[in-house]
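**Student:** Got a file for you: final31.pdb, PDB, C-alpha atoms.
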```pdb
ATOM      1  CA  MET A  10       2.231  53.194 -19.187
ATOM      2  CA  SER A  11       1.187  54.129 -15.730
ATOM      3  CA  VAL A  12       0.185  51.644 -13.100
ATOM      4  CA  VAL A  13      -1.434  53.170 -10.041
ATOM      5  CA  GLY A  14      -3.289  51.442  -7.237
ATOM      6  CA  GLY A  15      -2.565  51.579  -3.534
ATOM      7  CA  ASP A  16       0.740  52.247  -1.906
ATOM      8  CA  ASP A  17       2.290  49.154  -3.474
ATOM      9  CA  TYR A  18       2.222  50.689  -6.919
ATOM     10  CA  TYR A  19       4.146  53.366  -8.669
ATOM     11  CA  PRO A  20       4.158  54.741 -12.223
ATOM     12  CA  LEU A  21       6.320  52.890 -14.679
ATOM     13  CA  SER A  22       7.249  53.043 -18.303
ATOM     14  CA  GLU A  23       7.259  49.921 -20.458
ATOM     15  CA  SER A  24      10.964  50.327 -21.027
ATOM     16  CA  SER A  25      11.576  50.282 -17.295
ATOM     17  CA  ILE A  26       9.701  46.970 -17.048
ATOM     18  CA  PHE A  27      11.055  45.123 -20.025
ATOM     19  CA  GLY A  28      14.335  46.947 -20.455
ATOM     20  CA  GLN A  29      17.465  45.996 -18.608
ATOM     21  CA  SER A  30      17.734  47.897 -15.375
ATOM     22  CA  ASP A  31      20.898  49.816 -14.661
ATOM     23  CA  SER A  32      21.659  47.698 -11.668
ATOM     24  CA  GLU A  33      21.564  44.506 -13.715
ATOM     25  CA  SER A  34      23.197  45.643 -16.936
ATOM     26  CA  SER A  35      26.170  47.637 -15.837
ATOM     27  CA  GLU A  36      26.737  47.329 -12.102
ATOM     28  CA  LYS A  37      28.538  44.428 -10.562
ATOM     29  CA  ILE A  38      26.638  42.260  -8.155
ATOM     30  CA  SER A  39      28.162  42.685  -4.698
ATOM     31  CA  SER A  40      29.629  39.752  -2.826
ATOM     32  CA  LYS A  41      27.133  40.384  -0.010
ATOM     33  CA  THR A  42      24.213  40.052  -2.432
ATOM     34  CA  LEU A  43      25.706  36.964  -4.013
ATOM     35  CA  ALA A  44      26.260  35.401  -0.609
ATOM     36  CA  VAL A  45      22.600  35.913   0.313
ATOM     37  CA  THR A  46      21.432  34.499  -3.042
ATOM     38  CA  ALA A  47      23.745  31.520  -2.614
ATOM     39  CA  SER A  48      22.470  30.953   0.927
ATOM     40  CA  LEU A  49      18.849  31.126  -0.199
ATOM     41  CA  THR A  50      19.550  28.740  -3.081
ATOM     42  CA  ALA A  51      21.375  26.358  -0.757
ATOM     43  CA  SER A  52      18.366  26.448   1.605
ATOM     44  CA  GLY A  53      16.152  25.605  -1.349
ATOM     45  CA  ILE A  54      18.416  22.708  -2.317
ATOM     46  CA  ILE A  55      18.521  21.292   1.217
ATOM     47  CA  GLY A  56      14.757  21.699   1.515
ATOM     48  CA  ARG A  57      14.059  19.841  -1.729
ATOM     49  CA  VAL A  58      16.337  16.977  -0.769
ATOM     50  CA  PHE A  59      14.784  16.816   2.705
ATOM     51  CA  LEU A  60      11.227  16.875   1.318
ATOM     52  CA  GLN A  61      11.830  14.559  -1.649
ATOM     53  CA  HIS A  62       9.376  11.931  -0.384
ATOM     54  CA  TYR A  63       6.526  14.439  -0.284
ATOM     55  CA  PRO A  64       5.220  14.719  -3.855
ATOM     56  CA  SER A  65       5.114  18.273  -5.245
ATOM     57  CA  ILE A  66       6.267  19.859  -1.972
ATOM     58  CA  GLU A  67       9.619  21.463  -2.670
ATOM     59  CA  THR A  68      11.590  24.595  -1.921
ATOM     60  CA  VAL A  69      13.697  25.323  -5.006
ATOM     61  CA  LEU A  70      10.945  27.040  -6.997
ATOM     62  CA  PRO A  71       9.731  29.435  -4.253
ATOM     63  CA  VAL A  72      13.337  30.429  -3.559
ATOM     64  CA  ALA A  73      13.959  31.027  -7.285
ATOM     65  CA  ILE A  74      10.815  33.161  -7.563
ATOM     66  CA  ALA A  75      11.728  35.125  -4.423
ATOM     67  CA  VAL A  76      15.289  35.715  -5.653
ATOM     68  CA  GLY A  77      13.929  36.735  -9.057
ATOM     69  CA  PHE A  78      11.486  39.110  -7.368
ATOM     70  CA  TYR A  79      13.957  40.722  -4.974
ATOM     71  CA  ALA A  80      17.304  40.408  -6.767
ATOM     72  CA  GLY A  81      16.401  40.446 -10.429
ATOM     73  CA  ARG A  82      16.281  38.035 -13.328
ATOM     74  CA  LYS A  83      19.957  37.075 -13.499
ATOM     75  CA  GLN A  84      20.198  35.870  -9.930
ATOM     76  CA  GLY A  85      16.695  34.387 -10.049
ATOM     77  CA  LEU A  86      17.551  32.466 -13.198
ATOM     78  CA  ALA A  87      20.808  31.239 -11.645
ATOM     79  CA  SER A  88      19.085  30.229  -8.418
ATOM     80  CA  GLY A  89      16.278  28.287 -10.129
ATOM     81  CA  MET A  90      18.453  26.535 -12.694
ATOM     82  CA  THR A  91      21.223  25.700 -10.237
ATOM     83  CA  GLY A  92      18.703  24.562  -7.654
ATOM     84  CA  PHE A  93      17.043  21.938  -9.825
ATOM     85  CA  TYR A  94      20.265  20.805 -11.484
ATOM     86  CA  ALA A  95      22.038  20.365  -8.139
ATOM     87  CA  THR A  96      19.167  18.684  -6.303
ATOM     88  CA  ASN A  97      18.558  16.141  -9.075
ATOM     89  CA  PHE A  98      21.940  14.626  -8.175
ATOM     90  CA  LEU A  99      20.671  14.094  -4.651
ATOM     91  CA  VAL A 100      17.049  13.019  -5.019
ATOM     92  CA  TYR A 101      15.354   9.808  -6.139
ATOM     93  CA  GLY A 102      15.022   9.835  -9.946
ATOM     94  CA  SER A 103      18.270  11.711 -10.419
ATOM     95  CA  GLN A 104      19.065  13.463 -13.707
ATOM     96  CA  GLY A 105      17.061  12.930 -16.875
ATOM     97  CA  PRO A 106      15.319  14.819 -19.645
ATOM     98  CA  TRP A 107      13.072  16.297 -16.945
ATOM     99  CA  THR A 108      16.050  18.206 -15.515
ATOM    100  CA  PHE A 109      16.110  20.427 -18.598
ATOM    101  CA  TYR A 110      12.403  21.217 -18.291
ATOM    102  CA  GLN A 111      12.657  21.814 -14.536
ATOM    103  CA  MET A 112      15.564  24.219 -15.059
ATOM    104  CA  ALA A 113      13.733  25.982 -17.878
ATOM    105  CA  GLY A 114      10.518  26.165 -15.824
ATOM    106  CA  ALA A 115      12.219  27.543 -12.724
ATOM    107  CA  GLY A 116      14.211  29.999 -14.827
ATOM    108  CA  LEU A 117      11.057  31.223 -16.539
ATOM    109  CA  ALA A 118       9.279  31.595 -13.180
ATOM    110  CA  ALA A 119      12.192  33.630 -11.762
ATOM    111  CA  VAL A 120      12.393  35.887 -14.830
ATOM    112  CA  ALA A 121       8.606  36.427 -14.724
ATOM    113  CA  ALA A 122       8.869  37.355 -11.021
ATOM    114  CA  SER A 123      11.660  39.789 -11.835
ATOM    115  CA  TYR A 124       9.538  41.583 -14.446
ATOM    116  CA  MET A 125       6.496  41.570 -12.170
ATOM    117  CA  SER A 126       8.498  43.154  -9.351
ATOM    118  CA  LYS A 127       9.159  46.069 -11.676
ATOM    119  CA  ILE A 128       5.418  46.641 -12.072
ATOM    120  CA  SER A 129       5.005  46.579  -8.315
ATOM    121  CA  SER A 130       7.308  45.471  -5.569
ATOM    122  CA  GLY A 131       4.470  45.048  -3.063
ATOM    123  CA  LYS A 132       3.019  42.099  -1.251
ATOM    124  CA  LYS A 133       0.142  41.517  -3.687
ATOM    125  CA  MET A 134       2.426  41.370  -6.693
ATOM    126  CA  TYR A 135       4.781  39.053  -4.814
ATOM    127  CA  LEU A 136       1.906  36.626  -4.214
ATOM    128  CA  VAL A 137       0.821  36.939  -7.856
ATOM    129  CA  SER A 138       4.387  36.196  -8.952
ATOM    130  CA  LEU A 139       4.349  33.007  -6.847
ATOM    131  CA  ILE A 140       1.130  31.888  -8.560
ATOM    132  CA  VAL A 141       2.228  32.895 -12.059
ATOM    133  CA  GLY A 142       5.674  31.370 -11.531
ATOM    134  CA  THR A 143       4.263  28.025 -10.384
ATOM    135  CA  ALA A 144       1.802  27.988 -13.297
ATOM    136  CA  ALA A 145       4.661  28.696 -15.735
ATOM    137  CA  PHE A 146       6.837  25.995 -14.178
ATOM    138  CA  GLU A 147       4.055  23.411 -14.274
ATOM    139  CA  ALA A 148       3.215  24.288 -17.891
ATOM    140  CA  VAL A 149       6.827  23.914 -19.024
ATOM    141  CA  VAL A 150       7.487  20.701 -17.092
ATOM    142  CA  ASN A 151       4.205  18.955 -17.947
ATOM    143  CA  ILE A 152       4.152  19.911 -21.606
ATOM    144  CA  GLY A 153       7.872  19.180 -21.844
ATOM    145  CA  SER A 154       7.460  15.759 -20.276
ATOM    146  CA  LEU A 155       4.988  14.820 -23.024
ATOM    147  CA  PHE A 156       7.938  14.695 -25.420
ATOM    148  CA  PHE A 157       9.861  12.038 -23.538
ATOM    149  CA  SER A 158       6.980  10.120 -21.942
ATOM    150  CA  GLY A 159       5.739   8.621 -25.225
ATOM    151  CA  VAL A 160       2.161   9.690 -24.510
ATOM    152  CA  GLY A 161       0.070   9.650 -27.677
ATOM    153  CA  LEU A 162      -1.989  12.589 -28.889
ATOM    154  CA  PHE A 163      -5.282  11.044 -27.748
ATOM    155  CA  SER A 164      -3.941  10.343 -24.257
ATOM    156  CA  THR A 165      -2.511  13.858 -23.823
ATOM    157  CA  PRO A 166      -5.610  15.451 -22.207
ATOM    158  CA  ALA A 167      -5.891  12.595 -19.680
ATOM    159  CA  TYR A 168      -2.125  12.818 -19.009
ATOM    160  CA  LEU A 169      -2.334  16.553 -18.341
ATOM    161  CA  LEU A 170      -5.518  16.157 -16.294
ATOM    162  CA  ALA A 171      -3.773  13.611 -14.071
ATOM    163  CA  ALA A 172      -1.096  16.240 -13.358
ATOM    164  CA  VAL A 173      -3.619  18.786 -12.015
ATOM    165  CA  PRO A 174      -3.721  17.550  -8.372
ATOM    166  CA  PHE A 175       0.088  17.566  -8.253
ATOM    167  CA  ALA A 176       0.184  21.052  -9.800
ATOM    168  CA  LEU A 177      -2.271  22.335  -7.186
ATOM    169  CA  THR A 178      -0.223  20.792  -4.382
ATOM    170  CA  HIS A 179       2.881  22.394  -5.865
ATOM    171  CA  LEU A 180       1.077  25.743  -5.979
ATOM    172  CA  ALA A 181       0.049  25.482  -2.324
ATOM    173  CA  SER A 182       3.580  24.444  -1.382
ATOM    174  CA  THR A 183       5.148  27.338  -3.321
ATOM    175  CA  LEU A 184       2.716  29.783  -1.711
ATOM    176  CA  GLY A 185       3.524  28.378   1.740
ATOM    177  CA  PHE A 186       7.274  28.640   1.350
ATOM    178  CA  GLY A 187       6.927  31.914  -0.559
ATOM    179  CA  VAL A 188       4.950  33.495   2.288
ATOM    180  CA  THR A 189       7.541  32.183   4.754
ATOM    181  CA  ILE A 190      10.285  33.884   2.737
ATOM    182  CA  TYR A 191       8.164  37.069   2.686
ATOM    183  CA  GLY A 192       8.561  37.145   6.449
ATOM    184  CA  PHE A 193      12.141  38.191   5.689
ATOM    185  CA  ASN A 194      10.906  40.894   3.302
ATOM    186  CA  ARG A 195      12.571  43.809   5.094
ATOM    187  CA  THR A 196      15.883  41.977   5.372
ATOM    188  CA  LEU A 197      15.820  40.963   1.712
ATOM    189  CA  ARG A 198      14.905  44.472   0.603
ATOM    190  CA  SER A 199      17.804  45.944   2.541
ATOM    191  CA  VAL A 200      20.210  43.328   1.151
ATOM    192  CA  TYR A 201      19.077  43.618  -2.444
ATOM    193  CA  ARG A 202      18.732  47.396  -2.422
ATOM    194  CA  LYS A 203      20.654  48.660  -5.429
ATOM    195  CA  ASP A 204      24.281  47.974  -4.728
TER
ATOM    196  CA  MET B  30      29.077  45.974  15.907
ATOM    197  CA  ASP B  31      29.283  42.502  17.390
ATOM    198  CA  LEU B  32      27.440  39.352  16.354
ATOM    199  CA  THR B  33      24.664  39.812  18.928
ATOM    200  CA  GLU B  34      23.830  43.233  17.577
ATOM    201  CA  HIS B  35      23.809  41.847  14.034
ATOM    202  CA  LEU B  36      21.441  39.097  15.133
ATOM    203  CA  ASP B  37      19.216  41.570  16.977
ATOM    204  CA  ARG B  38      18.981  43.773  13.914
ATOM    205  CA  PHE B  39      18.244  40.740  11.748
ATOM    206  CA  THR B  40      15.503  39.372  13.990
ATOM    207  CA  GLU B  41      13.912  42.800  14.394
ATOM    208  CA  LYS B  42      13.201  42.836  10.681
ATOM    209  CA  ILE B  43      11.543  39.414  10.553
ATOM    210  CA  GLU B  44       7.778  39.505  10.235
ATOM    211  CA  ILE B  45       6.811  36.491  12.276
ATOM    212  CA  ARG B  46       3.178  36.414  11.110
ATOM    213  CA  TYR B  47       4.246  35.675   7.520
ATOM    214  CA  VAL B  48       6.806  33.076   8.566
ATOM    215  CA  ALA B  49       4.213  31.386  10.798
ATOM    216  CA  ALA B  50       1.449  31.515   8.163
ATOM    217  CA  GLY B  51       3.736  30.114   5.459
ATOM    218  CA  LEU B  52       5.041  27.345   7.665
ATOM    219  CA  LEU B  53       1.489  26.459   8.740
ATOM    220  CA  ILE B  54       0.508  26.010   5.082
ATOM    221  CA  VAL B  55       3.561  23.831   4.425
ATOM    222  CA  ILE B  56       3.160  21.730   7.574
ATOM    223  CA  GLY B  57      -0.520  21.213   6.779
ATOM    224  CA  LEU B  58       0.345  20.114   3.245
ATOM    225  CA  ALA B  59       3.074  17.801   4.483
ATOM    226  CA  LEU B  60       0.696  16.221   7.013
ATOM    227  CA  ILE B  61      -1.971  15.598   4.356
ATOM    228  CA  SER B  62       0.613  14.290   1.912
ATOM    229  CA  GLY B  63       2.270  12.136   4.593
ATOM    230  CA  THR B  64      -1.073  10.584   5.582
ATOM    231  CA  GLN B  65      -1.835   9.752   1.955
ATOM    232  CA  LEU B  66       1.646   8.286   1.498
ATOM    233  CA  SER B  67       1.376   6.036   4.557
ATOM    234  CA  GLN B  68      -2.123   4.940   3.480
ATOM    235  CA  ALA B  69      -0.849   4.120  -0.027
ATOM    236  CA  SER B  70       2.103   2.295   1.484
ATOM    237  CA  ALA B  71      -0.173   0.258   3.761
ATOM    238  CA  ASP B  72      -2.449  -0.590   0.841
ATOM    239  CA  GLY B  73       0.539  -1.502  -1.295
ATOM    240  CA  ASP B  74       1.791  -4.043   1.255
ATOM    241  CA  GLN B  75      -1.271  -6.254   0.911
ATOM    242  CA  ILE B  76      -2.751  -8.014  -2.097
ATOM    243  CA  GLN B  77      -5.907 -10.049  -2.448
ATOM    244  CA  VAL B  78      -5.973 -13.426  -4.129
ATOM    245  CA  SER B  79      -8.642 -16.044  -4.618
ATOM    246  CA  LEU B  80      -7.752 -19.293  -2.832
ATOM    247  CA  THR B  81      -9.612 -22.503  -3.682
ATOM    248  CA  VAL B  82      -9.015 -25.907  -2.139
ATOM    249  CA  ASP B  83     -10.529 -28.838  -4.024
ATOM    250  CA  TYR B  84     -10.836 -31.846  -1.673
ATOM    251  CA  ARG B  85     -12.484 -33.898  -4.493
ATOM    252  CA  ASP B  86     -15.708 -34.356  -2.499
ATOM    253  CA  SER B  87     -15.995 -30.660  -1.611
ATOM    254  CA  ILE B  88     -14.539 -27.342  -2.615
ATOM    255  CA  ASP B  89     -13.671 -24.448  -0.335
ATOM    256  CA  SER B  90     -13.079 -21.062  -1.938
ATOM    257  CA  GLN B  91     -12.331 -17.667  -0.415
ATOM    258  CA  ILE B  92     -10.635 -14.361  -1.015
ATOM    259  CA  VAL B  93      -7.577 -13.929   1.184
ATOM    260  CA  SER B  94      -5.300 -10.967   1.864
ATOM    261  CA  VAL B  95      -1.611 -11.727   1.842
ATOM    262  CA  ASN B  96       1.553  -9.699   1.896
ATOM    263  CA  ASN B  97       2.675  -8.463  -1.498
ATOM    264  CA  SER B  98       4.834 -11.090  -3.254
ATOM    265  CA  SER B  99       3.862 -13.815  -0.773
ATOM    266  CA  SER B 100       4.358 -17.299  -2.135
ATOM    267  CA  ALA B 101       1.442 -19.567  -3.027
ATOM    268  CA  PHE B 102       2.473 -21.812  -0.154
ATOM    269  CA  GLN B 103       2.436 -18.925   2.333
ATOM    270  CA  ALA B 104      -1.101 -17.967   1.255
ATOM    271  CA  LEU B 105      -2.247 -21.547   1.805
ATOM    272  CA  ASN B 106      -0.355 -22.018   5.054
ATOM    273  CA  GLN B 107      -1.704 -18.827   6.641
ATOM    274  CA  THR B 108      -5.295 -19.788   5.734
ATOM    275  CA  TYR B 109      -5.464 -23.541   6.372
ATOM    276  CA  ASP B 110      -3.928 -26.179   8.587
ATOM    277  CA  VAL B 111      -1.291 -27.476   6.207
ATOM    278  CA  GLY B 112       0.854 -30.552   6.577
ATOM    279  CA  TYR B 113       4.020 -30.489   4.545
ATOM    280  CA  SER B 114       7.549 -31.745   4.247
ATOM    281  CA  GLU B 115      10.530 -29.860   2.921
ATOM    282  CA  SER B 116      12.881 -31.200   0.324
ATOM    283  CA  SER B 117      15.476 -29.819  -2.039
ATOM    284  CA  TYR B 118      12.583 -29.229  -4.474
ATOM    285  CA  GLY B 119      10.754 -27.093  -1.927
ATOM    286  CA  TYR B 120       7.588 -27.757   0.055
ATOM    287  CA  PHE B 121       5.727 -30.996  -0.532
ATOM    288  CA  ILE B 122       2.143 -30.605   0.723
ATOM    289  CA  THR B 123       0.981 -33.747   2.472
ATOM    290  CA  SER B 124      -2.378 -32.553   3.831
ATOM    291  CA  ILE B 125      -4.735 -29.576   3.886
ATOM    292  CA  ASN B 126      -7.131 -29.350   6.838
ATOM    293  CA  GLY B 127      -6.376 -32.957   7.626
ATOM    294  CA  VAL B 128      -7.166 -34.237   4.124
ATOM    295  CA  SER B 129      -4.087 -36.129   3.057
ATOM    296  CA  GLY B 130      -2.832 -37.396  -0.224
ATOM    297  CA  ASN B 131      -1.744 -40.997  -0.493
ATOM    298  CA  GLU B 132       0.331 -43.200  -2.756
ATOM    299  CA  SER B 133      -1.950 -42.484  -5.710
ATOM    300  CA  SER B 134      -3.086 -38.896  -5.079
ATOM    301  CA  TYR B 135      -1.236 -35.653  -4.465
ATOM    302  CA  TRP B 136      -1.919 -32.030  -3.683
ATOM    303  CA  ILE B 137      -1.273 -30.106  -6.909
ATOM    304  CA  TYR B 138      -1.606 -26.368  -7.284
ATOM    305  CA  ASP B 139      -2.317 -24.069 -10.197
ATOM    306  CA  VAL B 140      -2.513 -20.291 -10.607
ATOM    307  CA  ASN B 141      -5.015 -18.737 -12.990
ATOM    308  CA  GLY B 142      -5.667 -22.172 -14.487
ATOM    309  CA  GLU B 143      -2.038 -22.925 -15.294
ATOM    310  CA  THR B 144       0.454 -25.071 -13.439
ATOM    311  CA  PRO B 145       3.584 -23.044 -12.663
ATOM    312  CA  GLU B 146       6.975 -24.587 -13.295
ATOM    313  CA  VAL B 147       8.152 -23.778  -9.791
ATOM    314  CA  GLY B 148       7.070 -25.136  -6.417
ATOM    315  CA  SER B 149       4.356 -23.375  -4.416
ATOM    316  CA  GLY B 150       7.034 -21.985  -2.091
ATOM    317  CA  GLN B 151       8.751 -20.220  -4.960
ATOM    318  CA  TYR B 152       5.715 -18.820  -6.773
ATOM    319  CA  SER B 153       5.173 -15.115  -5.949
ATOM    320  CA  LEU B 154       1.527 -14.130  -5.973
ATOM    321  CA  GLU B 155       0.172 -11.018  -7.615
ATOM    322  CA  GLU B 156      -3.027  -9.087  -7.039
ATOM    323  CA  ASP B 157      -6.178 -10.994  -8.093
ATOM    324  CA  ASP B 158      -4.369 -14.257  -8.787
ATOM    325  CA  GLU B 159      -6.645 -17.296  -8.678
ATOM    326  CA  LEU B 160      -4.792 -19.881  -6.634
ATOM    327  CA  ARG B 161      -6.124 -23.431  -6.483
ATOM    328  CA  PHE B 162      -4.921 -26.506  -4.604
ATOM    329  CA  SER B 163      -6.473 -29.756  -5.805
ATOM    330  CA  LEU B 164      -6.174 -33.306  -4.617
ATOM    331  CA  MET B 165      -5.414 -35.206  -7.822
ATOM    332  CA  THR B 166      -4.554 -38.712  -8.839
ATOM    333  CA  GLN B 167      -1.262 -39.285 -10.564
ATOM    334  CA  ASN B 168      -2.958 -39.464 -13.970
ATOM    335  CA  GLU B 169      -4.956 -36.287 -13.327
ATOM    336  CA  SER B 170      -1.900 -34.452 -12.152
ATOM    337  CA  MET B 171       0.060 -35.522 -15.219
ATOM    338  CA  GLU B 172      -2.767 -34.252 -17.447
ATOM    339  CA  ALA B 173      -2.970 -31.010 -15.510
ATOM    340  CA  THR B 174       0.735 -30.338 -15.631
ATOM    341  CA  GLY B 175       1.033 -31.460 -19.245
TER
END
```
I'd like the structure from this file rewritten - as structure tokens, please.

**Tutor:**
Amino acid sequence: MSVVGGDDYYPLSESSIFGQSDSESSEKISSKTLAVTASLTASGIIGRVFLQHYPSIETVLPVAIAVGFYAGRKQGLASGMTGFYATNFLVYGSQGPWTFYQMAGAGLAAVAASYMSKISSGKKMYLVSLIVGTAAFEAVVNIGSLFFSGVGLFSTPAYLLAAVPFALTHLASTLGFGVTIYGFNRTLRSVYRKD
Amino acid sequence: MDLTEHLDRFTEKIEIRYVAAGLLIVIGLALISGTQLSQASADGDQIQVSLTVDYRDSIDSQIVSVNNSSSAFQALNQTYDVGYSESSYGYFITSINGVSGNESSYWIYDVNGETPEVGSGQYSLEEDDELRFSLMTQNESMEATG
């Protein structure tokens, strides 16, 4: 497969997108890279705790998507899952069945961002990965929450419809924080350049 | 390379326009969300109840706004000139707008047509409750309270 379009794109094979990259499969992750990922994740955790009273405005997901995009799926997955698990100890509502779906949703978003960065590592694809990642997260969390909320089959459409404004706010929030993180694009690229 | 040089190299790479644009989006969202939250909070602090006072020869009825979980007595006291005495059983209403009970009639209250088992000072109102204070004779009050 060849993807060409503008200076953000470069030809790729399917195996290079969906296969395990050399850097992730065999090479060790450097302590410098890990430190940056940990710092970003910690920023996401502090941000979510700080913003807990603002519905759907949070920082863990955009950080997870950014780490997935720049550092790859392993670190993205770790950042997203750790971020939601850790913050749920510190925010109103605490742990519950939703923690599992939040971790799964953030992990999926980070992995999706990682694969999308292999198609293109440019600005447009980064923005698309923020949108796709938030959509994936919202789908997992909202559909997942149907299982423990006791909502009947007939009430499901109304239940999901009621979630739309919150999902849109979450999307705007993720884009806002995601674009902020993109301001550090050159730094992140130099840090996460193949170790 | 010292810390200053590290910081200089770090800041050189930051693209301020993206940081500013992203933060503007987030601050805008937070402002909208914060306004909605404070509005919801303000709305949530007040409830509306229907308050009726039956003086026997006339009835006065109105919708009043009270703080959430206000007692029935508080709703009455903030709306009318209420005479009362306090006892270990709570407030005993002696007059409303100058209309007093006497040895054979008392001010009795009910909520949504039922007489609560607690005094008006202990009854917490909820949205759309229909609160009524009526001047009743002893027999009427015994019938009303069952």

**Student:** Given the file shown, determine the residues that the PyMOL selection byres ((chain A) within 9 of (chain B)) selects; report them as a list in words.

**Tutor:**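 Those residues are Leu60, His62, Tyr63, Pro64, Ile66, Thr178, Ala181, Ser182, Thr183, Leu184, Gly185, Phe186, Gly187, Val188, Thr189, Ile190, Tyr191, Gly192, Phe193, Asn194, Arg195 and Thr196 of chain A.
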
**Student:** Written as a compact mmCIF listing (two decimals) with C-alpha atoms, in the coordinates of the input, what is the full residue list that the PyMOL selection byres ((chain B and resi 98) around 9) yields on the file shown?

**Tutor:**
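Saved as selection_18.txt:
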```txt
# COMPACT_ATOMS: atom_id res chain seq x y z
CA ASP B 74 1.79 -4.04 1.25
CA GLN B 75 -1.27 -6.25 0.91
CA ILE B 76 -2.75 -8.01 -2.10
CA VAL B 95 -1.61 -11.73 1.84
CA ASN B 96 1.55 -9.70 1.90
CA ASN B 97 2.68 -8.46 -1.50
CA SER B 99 3.86 -13.82 -0.77
CA SER B 100 4.36 -17.30 -2.13
CA TYR B 152 5.72 -18.82 -6.77
CA SER B 153 5.17 -15.12 -5.95
CA LEU B 154 1.53 -14.13 -5.97
CA GLU B 155 0.17 -11.02 -7.62
CA GLU B 156 -3.03 -9.09 -7.04
```

**Student:** What lies within 9 Å of region 138-141 of chain B using all atoms listed in the file, ignoring chain neighbours under 2 positions off, as a PyMOL selection string?

**Tutor:** chain B and resi 101+136+143-145+148-149+154+158-164+173-174

**Student:** Rounded to one decimal, what separation in Å do you get between CA of Gly89 (chain A) and CA of Lys133 (chain A)?

**Tutor:**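 Atom-to-atom, CA of Gly89 (chain A) to CA of Lys133 (chain A), that is 21.8 Å.
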
**Student:** One decimal, Å: what's the distance from CA of Gln61 (chain A) over to CA of Ile74 (chain A), could you say?

**Tutor:** 19.5 Å

**Student:** Give me the result of the PyMOL selection byres ((chain A and resi 115) around 8) on this file, residue by residue, as a ChimeraX atom specification.

**Tutor:** /A:70,73-74,86,89-90,93,111-114,116-119,142,146

**Student:** Write the residues you've just listed into a file as a PDB file, in the frame of the given file, and include C-alpha atoms for each of them.

**Tutor:**
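Output contents, as saved in again21.pdb:
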```
ATOM      1  CA  LEU A  70      10.945  27.040  -6.997  1.00  0.00           C
ATOM      2  CA  ALA A  73      13.959  31.027  -7.285  1.00  0.00           C
ATOM      3  CA  ILE A  74      10.815  33.161  -7.563  1.00  0.00           C
ATOM      4  CA  LEU A  86      17.551  32.466 -13.198  1.00  0.00           C
ATOM      5  CA  GLY A  89      16.278  28.287 -10.129  1.00  0.00           C
ATOM      6  CA  MET A  90      18.453  26.535 -12.694  1.00  0.00           C
ATOM      7  CA  PHE A  93      17.043  21.938  -9.825  1.00  0.00           C
ATOM      8  CA  GLN A 111      12.657  21.814 -14.536  1.00  0.00           C
ATOM      9  CA  MET A 112      15.564  24.219 -15.059  1.00  0.00           C
ATOM     10  CA  ALA A 113      13.733  25.982 -17.878  1.00  0.00           C
ATOM     11  CA  GLY A 114      10.518  26.165 -15.824  1.00  0.00           C
ATOM     12  CA  GLY A 116      14.211  29.999 -14.827  1.00  0.00           C
ATOM     13  CA  LEU A 117      11.057  31.223 -16.539  1.00  0.00           C
ATOM     14  CA  ALA A 118       9.279  31.595 -13.180  1.00  0.00           C
ATOM     15  CA  ALA A 119      12.192  33.630 -11.762  1.00  0.00           C
ATOM     16  CA  GLY A 142       5.674  31.370 -11.531  1.00  0.00           C
ATOM     17  CA  PHE A 146       6.837  25.995 -14.178  1.00  0.00           C
TER      18      PHE A 146
END
```
